[in-house]
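Undergrad: If it helps, the file is called final.txt and holds compact mmCIF, C-alpha atoms:
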```txt
# COMPACT_ATOMS: atom_id res chain seq x y z
CA MET A 1 -14.33 11.82 25.27
CA SER A 2 -10.72 12.17 26.28
CA THR A 3 -8.52 10.51 28.81
CA ALA A 4 -7.64 11.86 32.23
CA SER A 5 -4.57 11.70 34.46
CA TYR A 6 -4.67 9.47 37.51
CA THR A 7 -1.98 10.49 40.00
CA TYR A 8 -0.61 7.96 42.50
CA ALA A 9 2.01 9.95 44.30
CA VAL A 10 4.51 12.76 44.19
CA ALA A 11 8.12 11.74 44.51
CA ARG A 12 11.72 12.82 44.12
CA PRO A 13 12.92 12.18 40.57
CA PHE A 14 14.22 8.66 40.02
CA ASN A 15 15.68 6.63 37.22
CA PRO A 16 12.67 5.78 35.03
CA THR A 17 14.17 2.42 34.14
CA GLN A 18 13.41 1.45 37.74
CA ALA A 19 9.74 1.85 36.95
CA ALA A 20 9.95 0.25 33.53
CA GLY A 21 6.99 -2.00 32.89
CA LEU A 22 5.12 -0.63 35.90
CA VAL A 23 1.40 -0.41 35.18
CA GLY A 24 -1.33 1.27 37.14
CA VAL A 25 -5.12 1.36 37.06
CA ASP A 26 -6.54 -0.55 34.08
CA GLY A 27 -3.08 -1.78 33.21
CA ALA A 28 -2.05 1.62 31.84
CA ALA A 29 1.68 2.35 31.75
CA ILE A 30 3.07 4.83 34.26
CA HIS A 31 4.72 8.07 33.20
CA LEU A 32 6.18 10.97 35.13
CA VAL A 33 5.12 14.61 35.13
CA ARG A 34 8.06 16.71 36.23
CA HIS A 35 8.42 20.10 37.85
CA GLN A 36 11.86 21.09 39.10
CA ASP A 37 12.98 18.37 41.53
CA LEU A 38 9.55 16.79 41.92
CA VAL A 39 7.75 14.23 39.81
CA ALA A 40 4.13 13.18 39.83
CA VAL A 41 3.56 9.51 39.08
CA VAL A 42 0.69 9.36 36.61
CA SER A 43 -1.13 6.98 34.31
CA PRO A 44 -3.80 7.80 31.75
CA LEU A 45 -7.32 6.81 32.65
CA ALA A 46 -9.35 5.30 29.83
CA PRO A 47 -11.98 7.66 28.37
CA ALA A 48 -14.72 5.43 29.78
CA ASP A 49 -13.45 6.14 33.28
CA ALA A 50 -12.44 9.73 32.80
CA ASP A 51 -15.57 11.26 34.25
CA GLU A 52 -16.83 11.45 37.76
CA THR A 53 -19.94 9.33 37.37
CA ALA A 54 -18.18 6.43 35.69
CA LEU A 55 -15.35 6.38 38.17
CA ARG A 56 -17.71 6.66 41.12
CA ALA A 57 -19.74 3.75 39.84
CA ARG A 58 -16.61 1.65 39.64
CA LEU A 59 -15.47 2.57 43.11
CA GLU A 60 -18.85 1.62 44.51
CA THR A 61 -18.40 -1.94 43.36
CA LEU A 62 -16.27 -3.82 45.81
CA ALA A 63 -14.61 -6.01 43.20
CA GLU A 64 -13.69 -2.98 41.09
CA LEU A 65 -12.60 -1.06 44.15
CA GLU A 66 -10.27 -3.91 45.03
CA VAL A 67 -8.69 -3.93 41.57
CA ILE A 68 -8.18 -0.16 41.61
CA ALA A 69 -6.93 -0.11 45.21
CA ARG A 70 -4.42 -2.88 44.50
CA ALA A 71 -3.22 -1.13 41.35
CA HIS A 72 -2.84 2.11 43.27
CA HIS A 73 -0.88 0.38 46.01
CA ARG A 74 1.29 -1.53 43.55
CA VAL A 75 2.42 1.71 41.91
CA VAL A 76 2.94 3.59 45.17
CA ALA A 77 4.93 0.70 46.64
CA ALA A 78 7.10 0.28 43.56
CA VAL A 79 7.93 3.98 43.44
CA ALA A 80 8.52 4.14 47.19
CA ALA A 81 11.04 1.33 46.80
CA CYS A 82 13.28 3.58 44.70
CA THR A 83 12.72 7.14 45.89
CA PRO A 84 11.15 9.27 48.64
CA THR A 85 7.43 9.14 47.94
CA LEU A 86 4.35 11.02 49.09
CA PRO A 87 1.34 8.75 48.48
CA PHE A 88 -1.90 10.33 47.30
CA ARG A 89 -5.40 9.29 48.23
CA LEU A 90 -7.10 6.82 45.90
CA ALA A 91 -8.82 8.32 42.85
CA THR A 92 -6.95 11.61 42.54
CA VAL A 93 -7.76 12.46 38.93
CA HIS A 94 -6.97 15.55 36.87
CA ARG A 95 -8.21 16.40 33.38
CA THR A 96 -4.76 16.51 31.87
CA ASP A 97 -1.08 16.17 32.69
CA ASP A 98 -0.88 19.97 32.48
CA ARG A 99 -3.20 20.22 35.45
CA VAL A 100 -0.96 17.80 37.34
CA ALA A 101 2.03 20.01 36.50
CA GLN A 102 0.08 23.01 37.79
CA LEU A 103 -0.51 21.12 41.03
CA LEU A 104 3.22 20.50 41.40
CA ARG A 105 3.92 24.19 40.87
CA ARG A 106 1.19 25.33 43.23
CA GLU A 107 2.03 22.92 46.05
CA TYR A 108 5.77 22.76 45.44
CA ARG A 109 6.83 23.87 48.91
CA ARG A 110 4.39 21.69 50.79
CA PHE A 111 5.34 18.62 48.74
CA ARG A 112 9.04 19.29 49.26
CA GLU A 113 8.61 19.64 53.00
CA THR A 114 6.55 16.49 53.32
CA LEU A 115 9.00 14.52 51.19
CA ASP A 116 11.83 15.72 53.43
CA ARG A 117 9.92 14.39 56.42
CA LEU A 118 9.20 11.02 54.79
CA ALA A 119 12.50 10.46 53.00
CA GLY A 120 14.21 7.22 53.98
CA ARG A 121 11.29 6.23 56.19
CA VAL A 122 8.72 3.48 56.06
CA GLU A 123 5.54 2.64 57.86
CA VAL A 124 5.01 -0.48 59.96
CA GLY A 125 1.48 -1.49 60.94
CA VAL A 126 0.75 -3.13 64.28
CA LYS A 127 -2.63 -4.57 65.21
CA ILE A 128 -3.31 -6.06 68.62
CA TYR A 129 -6.07 -8.61 69.18
CA VAL A 130 -7.67 -10.08 72.24
CA GLN A 131 -8.95 -13.64 72.13
CA HIS A 132 -12.50 -14.37 73.13
CA ALA A 133 -12.38 -17.87 71.78
CA GLY A 134 -14.43 -20.32 73.80
CA ALA A 135 -16.41 -17.63 75.62
CA TYR A 136 -19.58 -18.32 73.68
CA ALA A 137 -18.88 -22.00 73.30
CA GLY A 138 -18.59 -22.28 77.08
CA ALA A 139 -21.88 -20.52 77.64
CA MET A 140 -23.66 -22.65 75.08
CA ALA A 141 -22.36 -25.82 76.69
CA ALA A 142 -23.43 -24.61 80.13
CA ALA A 143 -26.84 -23.62 78.79
CA GLU A 144 -27.31 -27.02 77.20
CA LYS A 145 -26.29 -28.81 80.37
CA THR A 146 -28.89 -27.01 82.47
CA GLY A 147 -31.34 -26.19 79.71
CA GLY A 148 -34.12 -28.30 78.33
CA SER A 149 -35.78 -28.79 81.71
CA GLY A 150 -37.35 -25.35 81.47
CA SER A 151 -36.99 -24.94 85.22
CA ALA A 152 -36.46 -21.58 86.89
CA ARG A 153 -33.14 -22.84 88.14
CA ALA A 154 -31.95 -23.57 84.62
CA GLY A 155 -32.91 -20.06 83.62
CA ARG A 156 -31.02 -18.57 86.54
CA ASP A 157 -27.95 -20.66 85.75
CA TYR A 158 -28.10 -19.60 82.16
CA LEU A 159 -28.28 -15.90 83.06
CA ARG A 160 -25.49 -16.25 85.58
CA ASN A 161 -23.34 -17.95 82.98
CA ARG A 162 -24.02 -15.21 80.48
CA ARG A 163 -23.16 -12.56 83.05
CA GLU A 164 -19.91 -14.24 84.01
CA GLN A 165 -19.04 -14.61 80.40
CA ARG A 166 -19.67 -10.93 79.74
CA ASP A 167 -17.54 -9.98 82.75
CA ARG A 168 -14.73 -12.25 81.53
CA ARG A 169 -14.95 -10.64 78.14
CA GLN A 170 -14.77 -7.14 79.55
CA HIS A 171 -11.89 -8.11 81.78
CA ALA A 172 -10.00 -9.59 78.82
CA TRP A 173 -10.69 -6.49 76.76
CA ARG A 174 -9.45 -4.14 79.49
CA ARG A 175 -6.34 -6.24 80.07
CA ALA A 176 -5.61 -6.23 76.34
CA THR A 177 -6.15 -2.49 76.04
CA THR A 178 -3.74 -1.85 78.89
CA ALA A 179 -1.19 -4.19 77.31
CA ALA A 180 -1.67 -2.40 73.97
CA GLU A 181 -0.98 0.98 75.58
CA GLU A 182 2.21 -0.34 77.11
CA MET A 183 3.36 -1.91 73.86
CA ASP A 184 2.50 1.26 71.98
CA ALA A 185 4.70 3.28 74.34
CA VAL A 186 7.64 0.92 73.71
CA LEU A 187 7.18 0.93 69.93
CA ALA A 188 6.64 4.69 69.76
CA GLU A 189 10.13 5.07 71.29
CA LEU A 190 11.61 3.36 68.23
CA ALA A 191 9.50 5.37 65.81
CA VAL A 192 9.76 8.87 64.42
CA ASP A 193 6.01 9.29 64.49
CA ARG A 194 2.86 7.24 64.99
CA ARG A 195 -0.77 7.30 63.88
CA GLN A 196 -3.60 5.44 65.48
CA HIS A 197 -6.11 3.88 63.09
CA ARG A 198 -9.65 2.77 63.70
CA THR A 199 -9.76 -0.74 65.05
CA GLN A 200 -10.88 -3.27 62.51
CA SER A 201 -14.31 -4.75 63.11
CA ALA A 202 -14.43 -8.11 64.83
CA GLU A 203 -17.40 -10.11 63.58
CA LEU A 204 -16.57 -9.74 59.94
CA SER A 205 -12.88 -10.25 59.90
CA ALA A 206 -11.11 -13.54 59.80
CA ALA A 207 -8.67 -11.98 62.23
CA PRO A 208 -7.46 -13.83 65.30
CA GLY A 209 -9.85 -12.26 67.83
CA GLU A 210 -11.14 -8.78 68.56
CA ASN A 211 -9.00 -5.91 67.37
CA VAL A 212 -8.33 -3.61 70.32
CA PHE A 213 -5.52 -1.54 68.87
CA ASN A 214 -4.46 -0.57 65.36
CA ALA A 215 -1.61 1.82 64.67
CA ALA A 216 1.09 2.71 62.19
CA TYR A 217 4.64 3.69 63.09
CA LEU A 218 6.89 5.78 60.92
CA VAL A 219 10.47 4.53 61.19
CA ASP A 220 13.76 5.05 59.46
CA ALA A 221 13.90 2.27 56.88
CA GLY A 222 16.98 0.86 58.61
CA ARG A 223 15.03 0.42 61.84
CA ALA A 224 11.92 -1.25 60.42
CA GLU A 225 13.30 -4.70 61.22
CA GLU A 226 14.14 -3.64 64.73
CA LEU A 227 10.63 -2.32 65.35
CA THR A 228 9.09 -5.43 63.81
CA ALA A 229 11.26 -7.71 65.94
CA ARG A 230 10.49 -5.70 69.07
CA ALA A 231 6.76 -5.91 68.35
CA GLN A 232 7.02 -9.66 67.77
CA ARG A 233 8.84 -10.06 71.07
CA LEU A 234 6.25 -7.99 72.93
CA GLY A 235 3.54 -10.17 71.44
CA ALA A 236 5.32 -13.38 72.36
CA GLU A 237 5.82 -12.19 75.93
CA ASN A 238 2.14 -11.53 76.50
CA PRO A 239 -0.12 -14.60 76.41
CA HIS A 240 -3.31 -12.53 76.49
CA VAL A 241 -2.96 -10.77 73.17
CA THR A 242 -2.01 -11.59 69.59
CA LEU A 243 -0.06 -9.17 67.44
CA GLU A 244 -0.29 -8.81 63.69
CA ILE A 245 2.50 -6.84 62.10
CA THR A 246 2.24 -5.57 58.52
CA GLY A 247 4.61 -3.77 56.22
CA PRO A 248 6.91 -2.15 55.71
CA TRP A 249 4.48 0.09 53.83
CA PRO A 250 5.06 3.29 51.94
CA PRO A 251 4.30 6.04 54.47
CA TYR A 252 0.58 6.33 53.61
CA SER A 253 -0.50 7.12 57.14
CA PHE A 254 1.94 10.00 57.39
CA ALA A 255 1.23 11.73 54.10
CA GLY A 256 -0.96 14.30 55.81
CA SER A 257 0.83 17.20 57.41
CA GLU A 258 -0.35 16.89 61.00
CA GLU A 259 2.22 15.66 63.49
CA GLY A 260 1.42 13.12 66.16
CA THR A 261 -2.08 11.88 66.89
CA MET B 262 16.17 -5.43 43.09
CA MET B 263 17.18 -5.55 46.74
CA GLU B 264 15.01 -2.52 47.35
CA GLN B 265 12.06 -4.09 45.59
CA ASP B 266 12.35 -6.98 48.01
CA LEU B 267 11.87 -4.60 50.88
CA TRP B 268 8.29 -4.06 49.69
CA HIS B 269 7.32 -7.23 47.99
CA GLY B 270 9.41 -9.89 49.60
CA ARG B 271 8.58 -9.59 53.21
CA GLN B 272 4.86 -9.36 53.28
CA GLY B 273 4.16 -11.21 50.06
CA ALA B 274 3.02 -9.73 46.78
CA SER B 275 -0.50 -9.02 47.99
CA PRO B 276 -1.06 -7.71 51.48
CA ASN B 277 -4.47 -8.06 53.07
CA LEU B 278 -7.07 -6.03 51.18
CA ALA B 279 -8.46 -4.55 54.40
CA ASP B 280 -5.02 -3.15 55.24
CA ILE B 281 -4.63 -1.74 51.74
CA LEU B 282 -8.06 -0.11 51.75
CA GLU B 283 -7.42 1.34 55.17
CA ARG B 284 -4.42 3.11 53.71
CA VAL B 285 -5.44 4.09 50.19
CA LEU B 286 -8.99 5.15 51.10
CA ASP B 287 -8.45 6.61 54.49
CA LYS B 288 -4.83 7.77 54.44
CA GLY B 289 -2.70 9.24 51.71
CA LEU B 290 -2.64 12.93 50.89
CA ILE B 291 -5.93 14.39 49.75
CA ILE B 292 -5.57 16.51 46.63
CA ALA B 293 -8.56 18.10 44.99
CA GLY B 294 -8.45 16.73 41.46
CA ASP B 295 -10.32 18.18 38.49
CA ILE B 296 -12.49 15.13 38.53
CA LYS B 297 -13.80 15.31 42.02
CA ILE B 298 -14.40 12.03 43.71
CA ASN B 299 -15.15 12.63 47.32
CA LEU B 300 -14.51 9.19 48.64
CA LEU B 301 -16.54 9.87 51.75
CA ASP B 302 -19.58 10.56 49.60
CA ILE B 303 -19.50 7.25 47.95
CA GLU B 304 -22.10 4.98 49.40
CA LEU B 305 -19.81 2.04 49.76
CA LEU B 306 -17.27 4.14 51.48
CA THR B 307 -19.62 5.39 54.12
CA ILE B 308 -20.29 1.76 54.82
CA LYS B 309 -16.58 1.27 54.72
CA LEU B 310 -16.19 3.63 57.63
CA ARG B 311 -18.06 1.12 59.71
CA LEU B 312 -16.81 -2.04 58.10
CA LEU B 313 -13.89 -0.99 56.18
CA VAL B 314 -11.49 -2.63 57.59
CA ALA B 315 -13.53 -5.44 58.65
CA SER B 316 -12.40 -8.13 56.39
CA VAL B 317 -13.42 -7.27 52.91
CA ASP B 318 -12.28 -10.70 51.86
CA LYS B 319 -14.92 -12.14 54.09
CA ALA B 320 -17.46 -9.71 52.68
CA LYS B 321 -16.59 -10.94 49.23
CA ALA B 322 -17.00 -14.51 50.26
CA MET B 323 -20.48 -13.61 51.40
CA GLY B 324 -21.30 -12.09 48.02
CA ILE B 325 -20.14 -8.71 46.89
CA ASP B 326 -23.42 -6.90 47.43
CA TRP B 327 -24.32 -8.56 50.67
CA TRP B 328 -24.54 -5.30 52.62
CA GLU B 329 -27.37 -4.17 50.37
CA HIS B 330 -29.51 -6.87 51.95
CA ASP B 331 -28.55 -5.99 55.48
CA PRO B 332 -31.02 -3.45 56.88
CA ALA B 333 -28.47 -2.28 59.41
CA LEU B 334 -26.10 -1.27 56.65
CA SER B 335 -28.26 -0.28 53.74
CA GLN B 336 -28.70 3.42 53.20
CA PRO B 337 -31.76 5.05 54.70
CA ARG B 338 -33.88 6.61 52.00
CA PRO B 339 -34.78 10.04 53.32
CA ARG B 340 -36.91 10.94 50.33
CA GLN B 341 -39.06 7.85 50.72
CA LEU B 342 -39.38 8.47 54.43
CA ALA B 343 -40.41 12.08 53.85
CA ALA B 344 -43.01 11.00 51.29
CA GLU B 345 -44.38 8.42 53.68
CA ASN B 346 -44.50 11.00 56.47
CA ALA B 347 -46.40 13.41 54.28
CA ARG B 348 -48.86 10.72 53.29
CA LEU B 349 -49.47 9.70 56.90
CA ARG B 350 -49.94 13.31 58.03
CA LYS B 351 -52.50 13.78 55.31
CA GLN B 352 -54.34 10.67 56.44
CA ILE B 353 -54.34 11.84 60.05
CA ARG B 354 -55.72 15.23 59.03
CA ALA B 355 -58.41 13.52 56.99
CA LEU B 356 -59.34 11.31 59.93
CA GLU B 357 -59.34 14.26 62.33
CA THR B 358 -61.58 16.25 60.03
CA ALA B 359 -63.89 13.28 59.61
CA THR B 360 -64.08 12.79 63.40
CA LEU B 361 -64.83 16.46 64.01
CA GLU B 362 -67.56 16.43 61.38
CA THR B 363 -69.30 13.37 62.81
CA ARG B 364 -69.29 15.02 66.27
CA ARG B 365 -71.01 18.10 65.00
```
Before anything else, please render the file you have as structure tokens.
TA:
Amino acid sequence: MSTASYTYAVARPFNPTQAAGLVGVDGAAIHLVRHQDLVAVVSPLAPADADETALRARLETLAELEVIARAHHRVVAAVAACTPTLPFRLATVHRTDDRVAQLLRREYRRFRETLDRLAGRVEVGVKIYVQHAGAYAGAMAAAEKTGGSGSARAGRDYLRNRREQRDRRQHAWRRATTAAEEMDAVLAELAVDRRQHRTQSAELSAAPGENVFNAAYLVDAGRAEELTARAQRLGAENPHVTLEITGPWPPYSFAGSEEGT
Amino acid sequence: MMEQDLWHGRQGASPNLADILERVLDKGLIIAGDIKINLLDIELLTIKLRLLVASVDKAKAMGIDWWEHDPALSQPRPRQLAAENARLRKQIRALETATLETRR
């Protein structure tokens, strides 16, 4: 069994000393595969992982997936810190470095164009949450106050409480969604491009409330602070929502070619 | 070193796993490699499309394989269902035949 070549990203050539000591998946050292003015950022994958079944099995284990995902991100982020970078999807694996070089030759124009679009730009993530804290607690308290007697009246009160609670929840959600749209419009003005992501699920996350909006903004690196500060201000001005701002990230969400959302 | 700080300083060395997975699994340029891992095919990752981004940290705290025990999330087993269907149909036919014969 032989090794394989795990590719993290394609980038403009950079001084390799800037990536000295950088390790990728399984702690393997990074090297560059070059074609004209493009480099692919690659590390060898151990023979045990260099086939589809083995790699799949690893990716299906959450703990392993986490290790690989973090290694992937570490490399992409480190490279993006020194040169324009086009991040690849996790688990892009070729048989050999020659195949990676072939890829660079075949897709040269597309990679160049995308790198031009991403050069000097970073991604900022903004998630907007609505609070439902206390909604259930309130209902439970009300139910306990009237409950226990088993009377029809207690039942009616309970149902009315539940209904009011549901209405409050819907109202809060609508208000937050409207606020999110307005904030999005403001932030999009500062950005070169934006992508909307799926909202992150509520019950399972330790997040501060229900996620009603999740997006990434592509900005000139010099304006990332400005967008972050603007987002923070928008969040502070609105008592009904909570904002979570992440990044700056390498421009993962903009690596695809489609413009806008 | 200043540039490194841009990435690692501001949001800490390890951003939220959910945010990382959202980007490395769902974004990033798709290149067909020689070793073809279609991430969407992977069982976990179909679950991920529902949960993904739900906090994986929380999922871990609940035990890494917790979704396997959740009927709402575990994979349906079409082959088993088909086998069971076939078995039930056969039983029905047998019962129908038996009923018809007793009527005669």
Undergrad: Looking at all atoms listed in the file, which of A:Leu159, A:Gln131, A:Ser201, A:Asp184 is the one that sits closest to Arg230 (chain A)?
TA: A:Asp184
Undergrad: One decimal, in Å: what's the spacing between CA of Val39 (chain A) and CA of Leu286 (chain B)?
TA: 22.1 Å
Undergrad: Kindly provide, as an NGL selection string, the residues of chain A having any atom no farther than 6 Å from an atom of chain B, counting all atoms listed in the file.
TA: :A and (52 or 60 or 81 or 87-90 or 92-95 or 200-201 or 204-205 or 252-253 or 255-256)
Undergrad: Expressed in Å to a single decimal, how great is the separation between CA of Leu243 (chain A) and CA of Arg168 (chain A)?
TA: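 These two atoms are separated by 20.6 Å.
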Undergrad: Give the answer as one residue: which of A:Ala152, A:Val124, A:Ala69, A:Ala231 has the shortest atom-to-atom distance to Asp193 (chain A), using only C-alpha atoms?
TA: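 For Asp193 (chain A), the nearest of the candidates is A:Val124.
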Undergrad: Go ahead and compute the interatomic distance for CA of Val212 (chain A) and CA of Ile128 (chain A), in Å to one decimal.
TA: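 Between these atoms lies a distance of 5.8 Å.
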Undergrad: Identify, on the basis of all atoms listed in the file, every residue whose closest approach to Glu244 (chain A) does not exceed 10 Å; exclude the query and any residue fewer than 4 positions from it along the same chain; express the result as a PyMOL selection string.
TA: chain A and resi 125-129+207-208+211+214+228+231-232+235
Undergrad: Could the residues in this selection be written to a file with C-alpha atoms, as a short mmCIF file (atom, residue, chain, number, x, y, z; two decimals), keeping the file's coordinate frame?
TA:
```
data_model
loop_
_atom_site.label_atom_id
_atom_site.label_comp_id
_atom_site.auth_asym_id
_atom_site.auth_seq_id
_atom_site.Cartn_x
_atom_site.Cartn_y
_atom_site.Cartn_z
CA GLY A 125 1.48 -1.49 60.94
CA VAL A 126 0.75 -3.13 64.28
CA LYS A 127 -2.63 -4.57 65.21
CA ILE A 128 -3.31 -6.06 68.62
CA TYR A 129 -6.07 -8.61 69.18
CA ALA A 207 -8.67 -11.98 62.23
CA PRO A 208 -7.46 -13.83 65.30
CA ASN A 211 -9.00 -5.91 67.37
CA ASN A 214 -4.46 -0.57 65.36
CA THR A 228 9.09 -5.43 63.81
CA ALA A 231 6.76 -5.91 68.35
CA GLN A 232 7.02 -9.66 67.77
CA GLY A 235 3.54 -10.17 71.44
#
```
